[in-house]
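Have a look at run.txt; it's compact mmCIF, N, CA, C and O atoms:
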# COMPACT_ATOMS: atom_id res chain seq x y z
N MET A 289 27.22 -83.10 57.04
CA MET A 289 27.99 -83.42 55.86
C MET A 289 27.76 -82.35 54.80
O MET A 289 26.64 -82.03 54.48
N LYS A 290 28.85 -81.82 54.25
CA LYS A 290 28.72 -80.88 53.14
C LYS A 290 28.57 -81.68 51.86
O LYS A 290 29.19 -82.72 51.68
N SER A 291 27.75 -81.16 50.96
CA SER A 291 27.57 -81.85 49.70
C SER A 291 28.00 -80.94 48.57
O SER A 291 28.04 -79.73 48.70
N ASN A 292 28.34 -81.55 47.46
CA ASN A 292 28.62 -80.79 46.26
C ASN A 292 27.86 -81.44 45.12
O ASN A 292 27.19 -82.46 45.30
N GLN A 293 27.93 -80.85 43.94
CA GLN A 293 27.14 -81.35 42.81
C GLN A 293 27.47 -82.81 42.50
O GLN A 293 26.63 -83.56 42.07
N SER A 294 28.72 -83.22 42.77
CA SER A 294 29.08 -84.61 42.48
C SER A 294 28.40 -85.58 43.44
O SER A 294 28.37 -86.77 43.20
N ASP A 295 27.84 -85.06 44.54
CA ASP A 295 27.13 -85.90 45.50
C ASP A 295 25.61 -85.86 45.31
O ASP A 295 24.86 -86.26 46.19
N LEU A 296 25.18 -85.35 44.15
CA LEU A 296 23.75 -85.28 43.86
C LEU A 296 23.14 -86.67 43.87
O LEU A 296 23.70 -87.61 43.30
N VAL A 297 22.00 -86.80 44.53
CA VAL A 297 21.26 -88.06 44.55
C VAL A 297 20.01 -87.88 43.69
O VAL A 297 19.23 -86.95 43.91
N SER A 298 19.84 -88.75 42.73
CA SER A 298 18.65 -88.76 41.89
C SER A 298 17.66 -89.76 42.48
O SER A 298 17.94 -90.96 42.53
N VAL A 299 16.54 -89.25 42.95
CA VAL A 299 15.50 -90.10 43.53
C VAL A 299 14.47 -90.35 42.43
O VAL A 299 13.83 -89.42 41.94
N ILE A 300 14.30 -91.60 42.07
CA ILE A 300 13.41 -91.97 40.98
C ILE A 300 12.14 -92.59 41.55
O ILE A 300 12.19 -93.54 42.34
N ILE A 301 11.01 -92.01 41.12
CA ILE A 301 9.70 -92.47 41.60
C ILE A 301 8.85 -92.88 40.40
O ILE A 301 8.33 -92.02 39.68
N PRO A 302 8.68 -94.18 40.17
CA PRO A 302 7.72 -94.61 39.15
C PRO A 302 6.30 -94.34 39.65
O PRO A 302 6.00 -94.61 40.82
N PHE A 303 5.47 -93.80 38.80
CA PHE A 303 4.11 -93.46 39.20
C PHE A 303 3.12 -94.07 38.23
O PHE A 303 3.22 -93.91 37.02
N TYR A 304 2.14 -94.80 38.80
CA TYR A 304 1.04 -95.32 37.99
C TYR A 304 -0.24 -95.33 38.82
O TYR A 304 -0.42 -96.18 39.70
N ASN A 305 -1.09 -94.35 38.57
CA ASN A 305 -2.44 -94.28 39.17
C ASN A 305 -2.47 -94.41 40.69
O ASN A 305 -3.41 -94.97 41.25
N GLU A 306 -1.48 -93.87 41.38
CA GLU A 306 -1.46 -93.94 42.85
C GLU A 306 -2.21 -92.75 43.42
O GLU A 306 -1.78 -91.62 43.29
N LYS A 307 -3.34 -93.01 44.06
CA LYS A 307 -4.14 -91.88 44.55
C LYS A 307 -4.16 -91.74 46.06
O LYS A 307 -4.61 -90.74 46.57
N PHE A 308 -3.65 -92.69 46.80
CA PHE A 308 -3.78 -92.62 48.25
C PHE A 308 -2.53 -92.11 48.97
O PHE A 308 -2.64 -91.38 49.94
N TYR A 309 -1.35 -92.46 48.54
CA TYR A 309 -0.15 -92.20 49.34
C TYR A 309 0.89 -91.32 48.67
O TYR A 309 1.91 -91.02 49.28
N PHE A 310 0.65 -90.89 47.45
CA PHE A 310 1.72 -90.21 46.71
C PHE A 310 2.15 -88.89 47.35
O PHE A 310 3.34 -88.59 47.38
N GLU A 311 1.23 -88.12 47.85
CA GLU A 311 1.60 -86.85 48.48
C GLU A 311 2.53 -87.11 49.68
O GLU A 311 3.50 -86.38 49.89
N GLU A 312 2.24 -88.14 50.46
CA GLU A 312 3.10 -88.49 51.59
C GLU A 312 4.48 -88.94 51.10
O GLU A 312 5.50 -88.62 51.71
N CYS A 313 4.50 -89.68 50.02
CA CYS A 313 5.75 -90.14 49.42
C CYS A 313 6.62 -88.95 49.06
O CYS A 313 7.79 -88.86 49.46
N ILE A 314 6.07 -88.01 48.31
CA ILE A 314 6.80 -86.82 47.88
C ILE A 314 7.30 -86.03 49.09
O ILE A 314 8.45 -85.59 49.14
N GLN A 315 6.44 -85.83 50.06
CA GLN A 315 6.84 -85.07 51.26
C GLN A 315 7.99 -85.74 51.98
O GLN A 315 8.90 -85.07 52.47
N SER A 316 7.97 -87.06 52.05
CA SER A 316 9.04 -87.77 52.76
C SER A 316 10.39 -87.61 52.05
O SER A 316 11.44 -87.64 52.70
N VAL A 317 10.36 -87.39 50.76
CA VAL A 317 11.60 -87.14 50.02
C VAL A 317 12.01 -85.67 50.18
O VAL A 317 13.18 -85.35 50.41
N LEU A 318 11.05 -84.77 50.10
CA LEU A 318 11.36 -83.34 50.21
C LEU A 318 11.91 -82.95 51.58
O LEU A 318 12.69 -82.00 51.67
N ILE A 319 11.53 -83.66 52.64
CA ILE A 319 12.00 -83.30 53.98
C ILE A 319 13.28 -84.05 54.39
O ILE A 319 13.68 -83.98 55.55
N GLN A 320 13.93 -84.69 53.45
CA GLN A 320 15.17 -85.38 53.78
C GLN A 320 16.19 -84.40 54.36
O GLN A 320 16.30 -83.26 53.92
N SER A 321 16.95 -84.86 55.35
CA SER A 321 18.00 -84.03 55.93
C SER A 321 19.12 -83.78 54.92
O SER A 321 19.78 -82.75 54.97
N TYR A 322 19.31 -84.68 54.00
CA TYR A 322 20.27 -84.52 52.91
C TYR A 322 19.53 -83.79 51.79
O TYR A 322 18.55 -84.29 51.25
N LYS A 323 19.99 -82.60 51.45
CA LYS A 323 19.22 -81.73 50.55
C LYS A 323 19.66 -81.76 49.09
O LYS A 323 18.96 -81.24 48.23
N ASN A 324 20.80 -82.34 48.78
CA ASN A 324 21.30 -82.33 47.41
C ASN A 324 20.64 -83.45 46.61
O ASN A 324 21.26 -84.47 46.31
N LEU A 325 19.35 -83.23 46.33
CA LEU A 325 18.53 -84.25 45.67
C LEU A 325 17.85 -83.65 44.44
O LEU A 325 17.51 -82.47 44.42
N GLU A 326 17.62 -84.51 43.48
CA GLU A 326 16.66 -84.22 42.43
C GLU A 326 15.63 -85.35 42.49
O GLU A 326 15.98 -86.49 42.75
N ILE A 327 14.38 -85.00 42.30
CA ILE A 327 13.30 -85.99 42.34
C ILE A 327 12.78 -86.15 40.93
O ILE A 327 12.33 -85.18 40.31
N ILE A 328 12.86 -87.37 40.44
CA ILE A 328 12.43 -87.67 39.08
C ILE A 328 11.19 -88.55 39.16
O ILE A 328 11.25 -89.70 39.60
N ILE A 329 10.07 -87.98 38.75
CA ILE A 329 8.80 -88.73 38.73
C ILE A 329 8.59 -89.21 37.31
O ILE A 329 8.60 -88.42 36.36
N ILE A 330 8.39 -90.50 37.17
CA ILE A 330 8.10 -91.09 35.87
C ILE A 330 6.64 -91.52 35.86
O ILE A 330 6.26 -92.50 36.51
N ASN A 331 5.82 -90.76 35.14
CA ASN A 331 4.41 -91.12 34.98
C ASN A 331 4.35 -92.23 33.93
O ASN A 331 4.51 -91.99 32.75
N ASP A 332 4.11 -93.43 34.40
CA ASP A 332 4.15 -94.62 33.56
C ASP A 332 2.78 -94.93 32.95
O ASP A 332 2.20 -95.98 33.18
N GLY A 333 2.27 -93.96 32.19
CA GLY A 333 1.01 -94.17 31.48
C GLY A 333 -0.22 -94.14 32.35
O GLY A 333 -1.20 -94.82 32.06
N SER A 334 -0.19 -93.34 33.41
CA SER A 334 -1.36 -93.22 34.28
C SER A 334 -2.56 -92.66 33.53
O SER A 334 -2.41 -92.00 32.49
N ASP A 335 -3.74 -92.87 34.09
CA ASP A 335 -4.96 -92.28 33.54
C ASP A 335 -4.82 -90.76 33.53
O ASP A 335 -4.14 -90.17 34.38
N SER A 336 -5.48 -90.10 32.59
CA SER A 336 -5.31 -88.65 32.39
C SER A 336 -5.68 -87.83 33.62
O SER A 336 -5.17 -86.74 33.81
N GLU A 337 -6.53 -88.35 34.49
CA GLU A 337 -6.92 -87.59 35.69
C GLU A 337 -5.74 -87.30 36.60
O GLU A 337 -5.78 -86.38 37.42
N TYR A 338 -4.64 -88.05 36.49
CA TYR A 338 -3.49 -87.87 37.36
C TYR A 338 -2.50 -86.84 36.82
O TYR A 338 -1.66 -86.34 37.56
N THR A 339 -2.59 -86.51 35.55
CA THR A 339 -1.63 -85.59 34.94
C THR A 339 -1.62 -84.24 35.62
O THR A 339 -0.56 -83.69 35.93
N ALA A 340 -2.78 -83.68 35.89
CA ALA A 340 -2.86 -82.36 36.55
C ALA A 340 -2.27 -82.42 37.95
O ALA A 340 -1.55 -81.50 38.37
N THR A 341 -2.54 -83.48 38.68
CA THR A 341 -2.01 -83.63 40.03
C THR A 341 -0.49 -83.69 40.01
O THR A 341 0.18 -83.02 40.80
N LEU A 342 0.06 -84.48 39.10
CA LEU A 342 1.51 -84.59 39.00
C LEU A 342 2.14 -83.26 38.59
O LEU A 342 3.18 -82.86 39.13
N THR A 343 1.52 -82.56 37.67
CA THR A 343 2.02 -81.26 37.23
C THR A 343 2.00 -80.27 38.38
O THR A 343 2.94 -79.49 38.57
N ASN A 344 0.94 -80.29 39.17
CA ASN A 344 0.84 -79.42 40.36
C ASN A 344 1.98 -79.68 41.32
O ASN A 344 2.59 -78.74 41.84
N ILE A 345 2.26 -80.93 41.59
CA ILE A 345 3.33 -81.31 42.51
C ILE A 345 4.67 -80.83 41.97
O ILE A 345 5.49 -80.27 42.69
N LYS A 346 4.89 -81.03 40.69
CA LYS A 346 6.14 -80.58 40.06
C LYS A 346 6.27 -79.07 40.14
O LYS A 346 7.34 -78.54 40.45
N ASN A 347 5.18 -78.34 39.88
CA ASN A 347 5.23 -76.88 39.85
C ASN A 347 5.48 -76.27 41.23
O ASN A 347 5.94 -75.14 41.32
N LYS A 348 5.19 -77.00 42.30
CA LYS A 348 5.46 -76.50 43.65
C LYS A 348 6.96 -76.49 43.95
O LYS A 348 7.41 -75.73 44.81
N ASN A 349 7.72 -77.33 43.28
CA ASN A 349 9.17 -77.44 43.48
C ASN A 349 9.87 -77.61 42.13
O ASN A 349 10.50 -78.65 41.88
N PRO A 350 9.78 -76.62 41.27
CA PRO A 350 10.26 -76.79 39.89
C PRO A 350 11.76 -77.01 39.75
O PRO A 350 12.20 -77.58 38.75
N ASN A 351 12.54 -76.59 40.73
CA ASN A 351 13.99 -76.79 40.66
C ASN A 351 14.44 -78.12 41.24
O ASN A 351 15.60 -78.49 41.11
N LYS A 352 13.52 -78.81 41.89
CA LYS A 352 13.87 -80.07 42.56
C LYS A 352 13.15 -81.27 41.94
O LYS A 352 13.68 -82.37 41.94
N ILE A 353 11.93 -81.05 41.42
CA ILE A 353 11.13 -82.15 40.89
C ILE A 353 11.08 -82.06 39.37
O ILE A 353 10.78 -81.01 38.80
N PHE A 354 11.36 -83.19 38.74
CA PHE A 354 11.31 -83.30 37.29
C PHE A 354 10.31 -84.39 36.93
O PHE A 354 10.36 -85.48 37.49
N LEU A 355 9.41 -84.07 36.02
CA LEU A 355 8.30 -84.96 35.68
C LEU A 355 8.43 -85.38 34.22
O LEU A 355 8.57 -84.53 33.34
N TYR A 356 8.36 -86.68 34.00
CA TYR A 356 8.41 -87.23 32.65
C TYR A 356 7.23 -88.18 32.47
O TYR A 356 6.83 -88.86 33.40
N HIS A 357 6.71 -88.21 31.25
CA HIS A 357 5.59 -89.08 30.92
C HIS A 357 6.04 -90.10 29.88
O HIS A 357 6.79 -89.77 28.96
N LYS A 358 5.57 -91.32 30.03
CA LYS A 358 5.85 -92.37 29.06
C LYS A 358 4.67 -93.33 29.00
O LYS A 358 3.82 -93.32 29.88
N GLU A 359 4.63 -94.12 27.95
CA GLU A 359 3.60 -95.16 27.86
C GLU A 359 3.84 -96.20 28.93
O GLU A 359 4.98 -96.45 29.32
N ASN A 360 2.76 -96.81 29.38
CA ASN A 360 2.87 -97.82 30.42
C ASN A 360 3.75 -98.97 29.96
O ASN A 360 3.54 -99.54 28.91
N GLY A 361 4.73 -99.27 30.79
CA GLY A 361 5.63 -100.37 30.50
C GLY A 361 6.01 -101.14 31.74
O GLY A 361 6.81 -102.06 31.70
N GLY A 362 5.44 -100.73 32.87
CA GLY A 362 5.74 -101.40 34.12
C GLY A 362 6.81 -100.68 34.92
O GLY A 362 7.50 -99.80 34.41
N VAL A 363 6.93 -101.09 36.17
CA VAL A 363 7.81 -100.40 37.12
C VAL A 363 9.28 -100.47 36.70
O VAL A 363 10.01 -99.48 36.82
N SER A 364 9.73 -101.58 36.18
CA SER A 364 11.15 -101.69 35.77
C SER A 364 11.44 -100.76 34.61
O SER A 364 12.48 -100.09 34.57
N SER A 365 10.53 -100.70 33.67
CA SER A 365 10.68 -99.80 32.53
C SER A 365 10.72 -98.34 33.00
O SER A 365 11.54 -97.54 32.51
N ALA A 366 9.87 -97.98 33.94
CA ALA A 366 9.85 -96.62 34.47
C ALA A 366 11.14 -96.30 35.20
O ALA A 366 11.69 -95.20 35.06
N ARG A 367 11.65 -97.23 35.98
CA ARG A 367 12.92 -97.00 36.69
C ARG A 367 14.07 -96.82 35.70
O ARG A 367 14.90 -95.92 35.87
N ASN A 368 14.11 -97.65 34.69
CA ASN A 368 15.17 -97.53 33.68
C ASN A 368 15.09 -96.19 32.96
O ASN A 368 16.12 -95.55 32.69
N PHE A 369 13.90 -95.74 32.65
CA PHE A 369 13.70 -94.44 32.01
C PHE A 369 14.19 -93.33 32.95
O PHE A 369 14.85 -92.38 32.52
N GLY A 370 13.89 -93.46 34.23
CA GLY A 370 14.35 -92.49 35.22
C GLY A 370 15.86 -92.44 35.32
O GLY A 370 16.45 -91.35 35.43
N ILE A 371 16.51 -93.58 35.26
CA ILE A 371 17.97 -93.63 35.30
C ILE A 371 18.55 -92.86 34.11
O ILE A 371 19.53 -92.12 34.24
N GLN A 372 17.91 -93.00 32.95
CA GLN A 372 18.38 -92.27 31.76
C GLN A 372 18.28 -90.76 31.94
O GLN A 372 19.08 -90.01 31.41
N LYS A 373 17.31 -90.30 32.71
CA LYS A 373 17.10 -88.87 32.93
C LYS A 373 17.91 -88.33 34.10
O LYS A 373 18.07 -87.12 34.24
N ALA A 374 18.42 -89.19 34.94
CA ALA A 374 19.10 -88.80 36.18
C ALA A 374 20.41 -88.07 35.90
O ALA A 374 21.15 -88.41 34.98
N LYS A 375 20.69 -87.09 36.75
CA LYS A 375 21.94 -86.34 36.68
C LYS A 375 22.84 -86.64 37.87
O LYS A 375 23.98 -86.21 37.91
N GLY A 376 22.32 -87.35 38.84
CA GLY A 376 23.05 -87.58 40.08
C GLY A 376 24.14 -88.63 39.98
O GLY A 376 24.11 -89.51 39.12
N ARG A 377 25.07 -88.51 40.90
CA ARG A 377 26.12 -89.52 41.05
C ARG A 377 25.53 -90.81 41.64
O ARG A 377 25.99 -91.91 41.36
N PHE A 378 24.51 -90.61 42.48
CA PHE A 378 23.86 -91.73 43.15
C PHE A 378 22.40 -91.79 42.73
O PHE A 378 21.77 -90.77 42.46
N ILE A 379 21.87 -93.01 42.71
CA ILE A 379 20.48 -93.26 42.34
C ILE A 379 19.80 -93.90 43.54
O ILE A 379 20.35 -94.79 44.18
N SER A 380 18.58 -93.44 43.82
CA SER A 380 17.77 -94.07 44.86
C SER A 380 16.35 -94.22 44.33
O SER A 380 15.86 -93.35 43.62
N PHE A 381 15.74 -95.33 44.66
CA PHE A 381 14.37 -95.60 44.21
C PHE A 381 13.41 -95.56 45.39
O PHE A 381 13.74 -96.03 46.48
N ILE A 382 12.23 -95.03 45.14
CA ILE A 382 11.13 -95.12 46.09
C ILE A 382 9.87 -95.33 45.28
O ILE A 382 9.69 -94.73 44.21
N ASP A 383 9.01 -96.20 45.74
CA ASP A 383 7.73 -96.42 45.06
C ASP A 383 6.74 -95.37 45.49
O ASP A 383 6.84 -94.79 46.58
N ALA A 384 5.77 -95.10 44.66
CA ALA A 384 4.81 -94.01 44.85
C ALA A 384 3.92 -94.19 46.08
O ALA A 384 3.27 -93.25 46.51
N ASP A 385 3.91 -95.38 46.66
CA ASP A 385 3.08 -95.61 47.85
C ASP A 385 3.93 -95.87 49.09
O ASP A 385 3.45 -96.39 50.09
N ASP A 386 5.20 -95.47 49.04
CA ASP A 386 6.11 -95.65 50.18
C ASP A 386 6.50 -94.30 50.77
O ASP A 386 6.37 -93.27 50.11
N VAL A 387 7.02 -94.32 51.98
CA VAL A 387 7.57 -93.11 52.62
C VAL A 387 8.93 -93.45 53.22
O VAL A 387 9.19 -94.60 53.56
N TRP A 388 9.76 -92.43 53.35
CA TRP A 388 11.09 -92.57 53.94
C TRP A 388 11.15 -91.86 55.28
O TRP A 388 10.48 -90.85 55.49
N LEU A 389 12.01 -92.36 56.15
CA LEU A 389 12.37 -91.62 57.36
C LEU A 389 13.23 -90.43 56.94
O LEU A 389 13.94 -90.50 55.93
N PRO A 390 13.21 -89.35 57.70
CA PRO A 390 13.86 -88.10 57.27
C PRO A 390 15.37 -88.17 57.05
O PRO A 390 15.92 -87.36 56.32
N ASN A 391 16.06 -89.13 57.65
CA ASN A 391 17.52 -89.21 57.51
C ASN A 391 17.99 -90.34 56.61
O ASN A 391 19.18 -90.65 56.58
N LYS A 392 17.09 -90.94 55.86
CA LYS A 392 17.44 -92.11 55.05
C LYS A 392 18.61 -91.85 54.11
O LYS A 392 19.61 -92.56 54.12
N ILE A 393 18.50 -90.83 53.28
CA ILE A 393 19.54 -90.56 52.28
C ILE A 393 20.85 -90.14 52.96
O ILE A 393 21.94 -90.59 52.57
N GLU A 394 20.77 -89.32 53.98
CA GLU A 394 21.97 -88.89 54.69
C GLU A 394 22.74 -90.09 55.23
O GLU A 394 23.96 -90.18 55.11
N HIS A 395 22.03 -91.03 55.85
CA HIS A 395 22.69 -92.23 56.38
C HIS A 395 23.35 -93.02 55.26
O HIS A 395 24.48 -93.49 55.41
N GLN A 396 22.68 -93.14 54.13
CA GLN A 396 23.26 -93.91 53.02
C GLN A 396 24.48 -93.20 52.44
O GLN A 396 25.47 -93.86 52.11
N ILE A 397 24.42 -91.89 52.29
CA ILE A 397 25.55 -91.14 51.76
C ILE A 397 26.76 -91.26 52.70
O ILE A 397 27.90 -91.43 52.26
N ASN A 398 26.51 -91.20 53.99
CA ASN A 398 27.60 -91.30 54.96
C ASN A 398 28.27 -92.66 54.93
O ASN A 398 29.45 -92.78 55.24
N ILE A 399 27.52 -93.68 54.59
CA ILE A 399 28.10 -95.03 54.51
C ILE A 399 28.88 -95.17 53.23
O ILE A 399 29.92 -95.71 53.13
Represent the structure contained in this file as structure tokens.
Amino acid sequence: MKSNQSDLVSVIIPFYNEKFYFEECIQSVLIQSYKNLEIIIINDGSDSEYTATLTNIKNKNPNKIFLYHKENGGVSSARNFGIQKAKGRFISFIDADDVWLPNKIEHQINI
């Protein structure tokens, strides 16, 4: 499937102190077969020790990953904040401790 800017998918990831699975989560989004994605990480008031890690992850893919910080307000608040920052025609959510199969977004776009 060919994509254009109007088919951009904004993947929103609320983040709060997740230390075990986040790298796997990010990788599962980065390896999607559908490439017209922006990844929006919302740091929902995590402890300061996580800021450097999140910045590192963002800096590895600066054109694809966008990082925003806000005071803790819970997962719904973080998702809503992410929607406000999104540029995509489509929105997809993944939690910081989840992973996707490589064709997830492509299958959804095709449907």
Quiz item: Near Tyr338 in chain A, counting only N, CA, C and O atoms, which residues have an atom at most 7 Å away, once you skip same-chain residues fewer than 5 positions from it, shown as a ChimeraX atom specification?
Solution: /A:305,343-344
Quiz item: Which neighbours of Tyr356 in chain A fall inside 8 Å, counting only C-alpha atoms, when residues of the same chain fewer than 4 positions from it are skipped, and could you give them as a PyMOL selection string?
Solution: chain A and resi 328-331
Quiz prompt | Picked from chain A by DSSP as helix (DSSP H, G or I), as a PyMOL selection string | solution = chain A and resi 293-295+310-318+336-348+363-373+392-398
Exercise. Skip Ala374 in chain A itself and residues of its chain fewer than 5 positions away, then list as JSON, numbers by chain all residues within 8 Å of it, counting all atoms listed in the file.
Key: {"A": [297, 298, 299, 326, 328, 367, 368, 369, 379]}
Self-check item: Ser364 in chain A environment, 12 Å, only C-alpha atoms, sequence neighbours closer than 3 positions dropped, as a list in words
Solution: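 Answer for this query is Ile300, Ile301, Pro302, Phe303, Ile330, Asp332, Asn360, Gly361, Arg367, Asn368, Phe369, Gly370, Ile371, Phe381 and Asp383 of chain A.
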Self-check item: CA of Ile393 in chain A to atom O of Pro350 in chain A, straight-line distance in Å
Solution: 20.1 Å
Quiz item: Using only C-alpha atoms, what residues lie at most 8 Å away from (26.1, -83.2, 37.2) (file coordinates), given as a ChimeraX atom specification?
Solution: /A:293-294,296,375-377
Quiz item: Expressed in Å to a single decimal, how great is the separation between atom O of Lys358 in chain A and atom C of Ser336 in chain A?
Solution: 11.6 Å
Self-check item: Residue neighbourhood Ile353 in chain A, 6 Å, only C-alpha atoms, exclusion window fewer than 4 positions, as a ChimeraX atom specification
Solution: /A:327-328,346,349
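Separating CA of Ser321 in chain A from atom N of Gln396 in chain A is a distance of 10.4 Å.
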Sel. of strand (DSSP E or B) residues, chain A, as an mmCIF file with N, CA, C and O atoms, in the coordinates of the input:
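Printed below is part23.cif as written:
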data_model
loop_
_atom_site.group_PDB
_atom_site.id
_atom_site.type_symbol
_atom_site.label_atom_id
_atom_site.label_comp_id
_atom_site.auth_asym_id
_atom_site.auth_seq_id
_atom_site.Cartn_x
_atom_site.Cartn_y
_atom_site.Cartn_z
ATOM 1 N N VAL A 297 22.000 -86.800 44.530
ATOM 2 C CA VAL A 297 21.260 -88.060 44.550
ATOM 3 C C VAL A 297 20.010 -87.880 43.690
ATOM 4 O O VAL A 297 19.230 -86.950 43.910
ATOM 5 N N SER A 298 19.840 -88.750 42.730
ATOM 6 C CA SER A 298 18.650 -88.760 41.890
ATOM 7 C C SER A 298 17.660 -89.760 42.480
ATOM 8 O O SER A 298 17.940 -90.960 42.530
ATOM 9 N N VAL A 299 16.540 -89.250 42.950
ATOM 10 C CA VAL A 299 15.500 -90.100 43.530
ATOM 11 C C VAL A 299 14.470 -90.350 42.430
ATOM 12 O O VAL A 299 13.830 -89.420 41.940
ATOM 13 N N ILE A 300 14.300 -91.600 42.070
ATOM 14 C CA ILE A 300 13.410 -91.970 40.980
ATOM 15 C C ILE A 300 12.140 -92.590 41.550
ATOM 16 O O ILE A 300 12.190 -93.540 42.340
ATOM 17 N N ILE A 301 11.010 -92.010 41.120
ATOM 18 C CA ILE A 301 9.700 -92.470 41.600
ATOM 19 C C ILE A 301 8.850 -92.880 40.400
ATOM 20 O O ILE A 301 8.330 -92.020 39.680
ATOM 21 N N PRO A 302 8.680 -94.180 40.170
ATOM 22 C CA PRO A 302 7.720 -94.610 39.150
ATOM 23 C C PRO A 302 6.300 -94.340 39.650
ATOM 24 O O PRO A 302 6.000 -94.610 40.820
ATOM 25 N N PHE A 303 5.470 -93.800 38.800
ATOM 26 C CA PHE A 303 4.110 -93.460 39.200
ATOM 27 C C PHE A 303 3.120 -94.070 38.230
ATOM 28 O O PHE A 303 3.220 -93.910 37.020
ATOM 29 N N LEU A 325 19.350 -83.230 46.330
ATOM 30 C CA LEU A 325 18.530 -84.250 45.670
ATOM 31 C C LEU A 325 17.850 -83.650 44.440
ATOM 32 O O LEU A 325 17.510 -82.470 44.420
ATOM 33 N N GLU A 326 17.620 -84.510 43.480
ATOM 34 C CA GLU A 326 16.660 -84.220 42.430
ATOM 35 C C GLU A 326 15.630 -85.350 42.490
ATOM 36 O O GLU A 326 15.980 -86.490 42.750
ATOM 37 N N ILE A 327 14.380 -85.000 42.300
ATOM 38 C CA ILE A 327 13.300 -85.990 42.340
ATOM 39 C C ILE A 327 12.780 -86.150 40.930
ATOM 40 O O ILE A 327 12.330 -85.180 40.310
ATOM 41 N N ILE A 328 12.860 -87.370 40.440
ATOM 42 C CA ILE A 328 12.430 -87.670 39.080
ATOM 43 C C ILE A 328 11.190 -88.550 39.160
ATOM 44 O O ILE A 328 11.250 -89.700 39.600
ATOM 45 N N ILE A 329 10.070 -87.980 38.750
ATOM 46 C CA ILE A 329 8.800 -88.730 38.730
ATOM 47 C C ILE A 329 8.590 -89.210 37.310
ATOM 48 O O ILE A 329 8.600 -88.420 36.360
ATOM 49 N N ILE A 330 8.390 -90.500 37.170
ATOM 50 C CA ILE A 330 8.100 -91.090 35.870
ATOM 51 C C ILE A 330 6.640 -91.520 35.860
ATOM 52 O O ILE A 330 6.260 -92.500 36.510
ATOM 53 N N ASN A 331 5.820 -90.760 35.140
ATOM 54 C CA ASN A 331 4.410 -91.120 34.980
ATOM 55 C C ASN A 331 4.350 -92.230 33.930
ATOM 56 O O ASN A 331 4.510 -91.990 32.750
ATOM 57 N N ASP A 332 4.110 -93.430 34.400
ATOM 58 C CA ASP A 332 4.150 -94.620 33.560
ATOM 59 C C ASP A 332 2.780 -94.930 32.950
ATOM 60 O O ASP A 332 2.200 -95.980 33.180
ATOM 61 N N ILE A 353 11.930 -81.050 41.420
ATOM 62 C CA ILE A 353 11.130 -82.150 40.890
ATOM 63 C C ILE A 353 11.080 -82.060 39.370
ATOM 64 O O ILE A 353 10.780 -81.010 38.800
ATOM 65 N N PHE A 354 11.360 -83.190 38.740
ATOM 66 C CA PHE A 354 11.310 -83.300 37.290
ATOM 67 C C PHE A 354 10.310 -84.390 36.930
ATOM 68 O O PHE A 354 10.360 -85.480 37.490
ATOM 69 N N LEU A 355 9.410 -84.070 36.020
ATOM 70 C CA LEU A 355 8.300 -84.960 35.680
ATOM 71 C C LEU A 355 8.430 -85.380 34.220
ATOM 72 O O LEU A 355 8.570 -84.530 33.340
ATOM 73 N N TYR A 356 8.360 -86.680 34.000
ATOM 74 C CA TYR A 356 8.410 -87.230 32.650
ATOM 75 C C TYR A 356 7.230 -88.180 32.470
ATOM 76 O O TYR A 356 6.830 -88.860 33.400
ATOM 77 N N HIS A 357 6.710 -88.210 31.250
ATOM 78 C CA HIS A 357 5.590 -89.080 30.920
ATOM 79 C C HIS A 357 6.040 -90.100 29.880
ATOM 80 O O HIS A 357 6.790 -89.770 28.960
ATOM 81 N N LYS A 358 5.570 -91.320 30.030
ATOM 82 C CA LYS A 358 5.850 -92.370 29.060
ATOM 83 C C LYS A 358 4.670 -93.330 29.000
ATOM 84 O O LYS A 358 3.820 -93.320 29.880
ATOM 85 N N PHE A 378 24.510 -90.610 42.480
ATOM 86 C CA PHE A 378 23.860 -91.730 43.150
ATOM 87 C C PHE A 378 22.400 -91.790 42.730
ATOM 88 O O PHE A 378 21.770 -90.770 42.460
ATOM 89 N N ILE A 379 21.870 -93.010 42.710
ATOM 90 C CA ILE A 379 20.480 -93.260 42.340
ATOM 91 C C ILE A 379 19.800 -93.900 43.540
ATOM 92 O O ILE A 379 20.350 -94.790 44.180
ATOM 93 N N SER A 380 18.580 -93.440 43.820
ATOM 94 C CA SER A 380 17.770 -94.070 44.860
ATOM 95 C C SER A 380 16.350 -94.220 44.330
ATOM 96 O O SER A 380 15.860 -93.350 43.620
ATOM 97 N N PHE A 381 15.740 -95.330 44.660
ATOM 98 C CA PHE A 381 14.370 -95.600 44.210
ATOM 99 C C PHE A 381 13.410 -95.560 45.390
ATOM 100 O O PHE A 381 13.740 -96.030 46.480
#
Quiz item: For Phe308 in chain A, which residue among A:Gln320, A:His395, A:Asp385, A:Pro390 is the nearest when counting only N, CA, C and O atoms?
Solution: A:Asp385
Self-check item: Pick from A:Asp335, A:Gln315, A:Trp388, A:Leu342 nearest to Leu355 in chain A, counting only N, CA, C and O atoms
Solution: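 That would be A:Leu342, the residue with the smallest distance to Leu355 in chain A.
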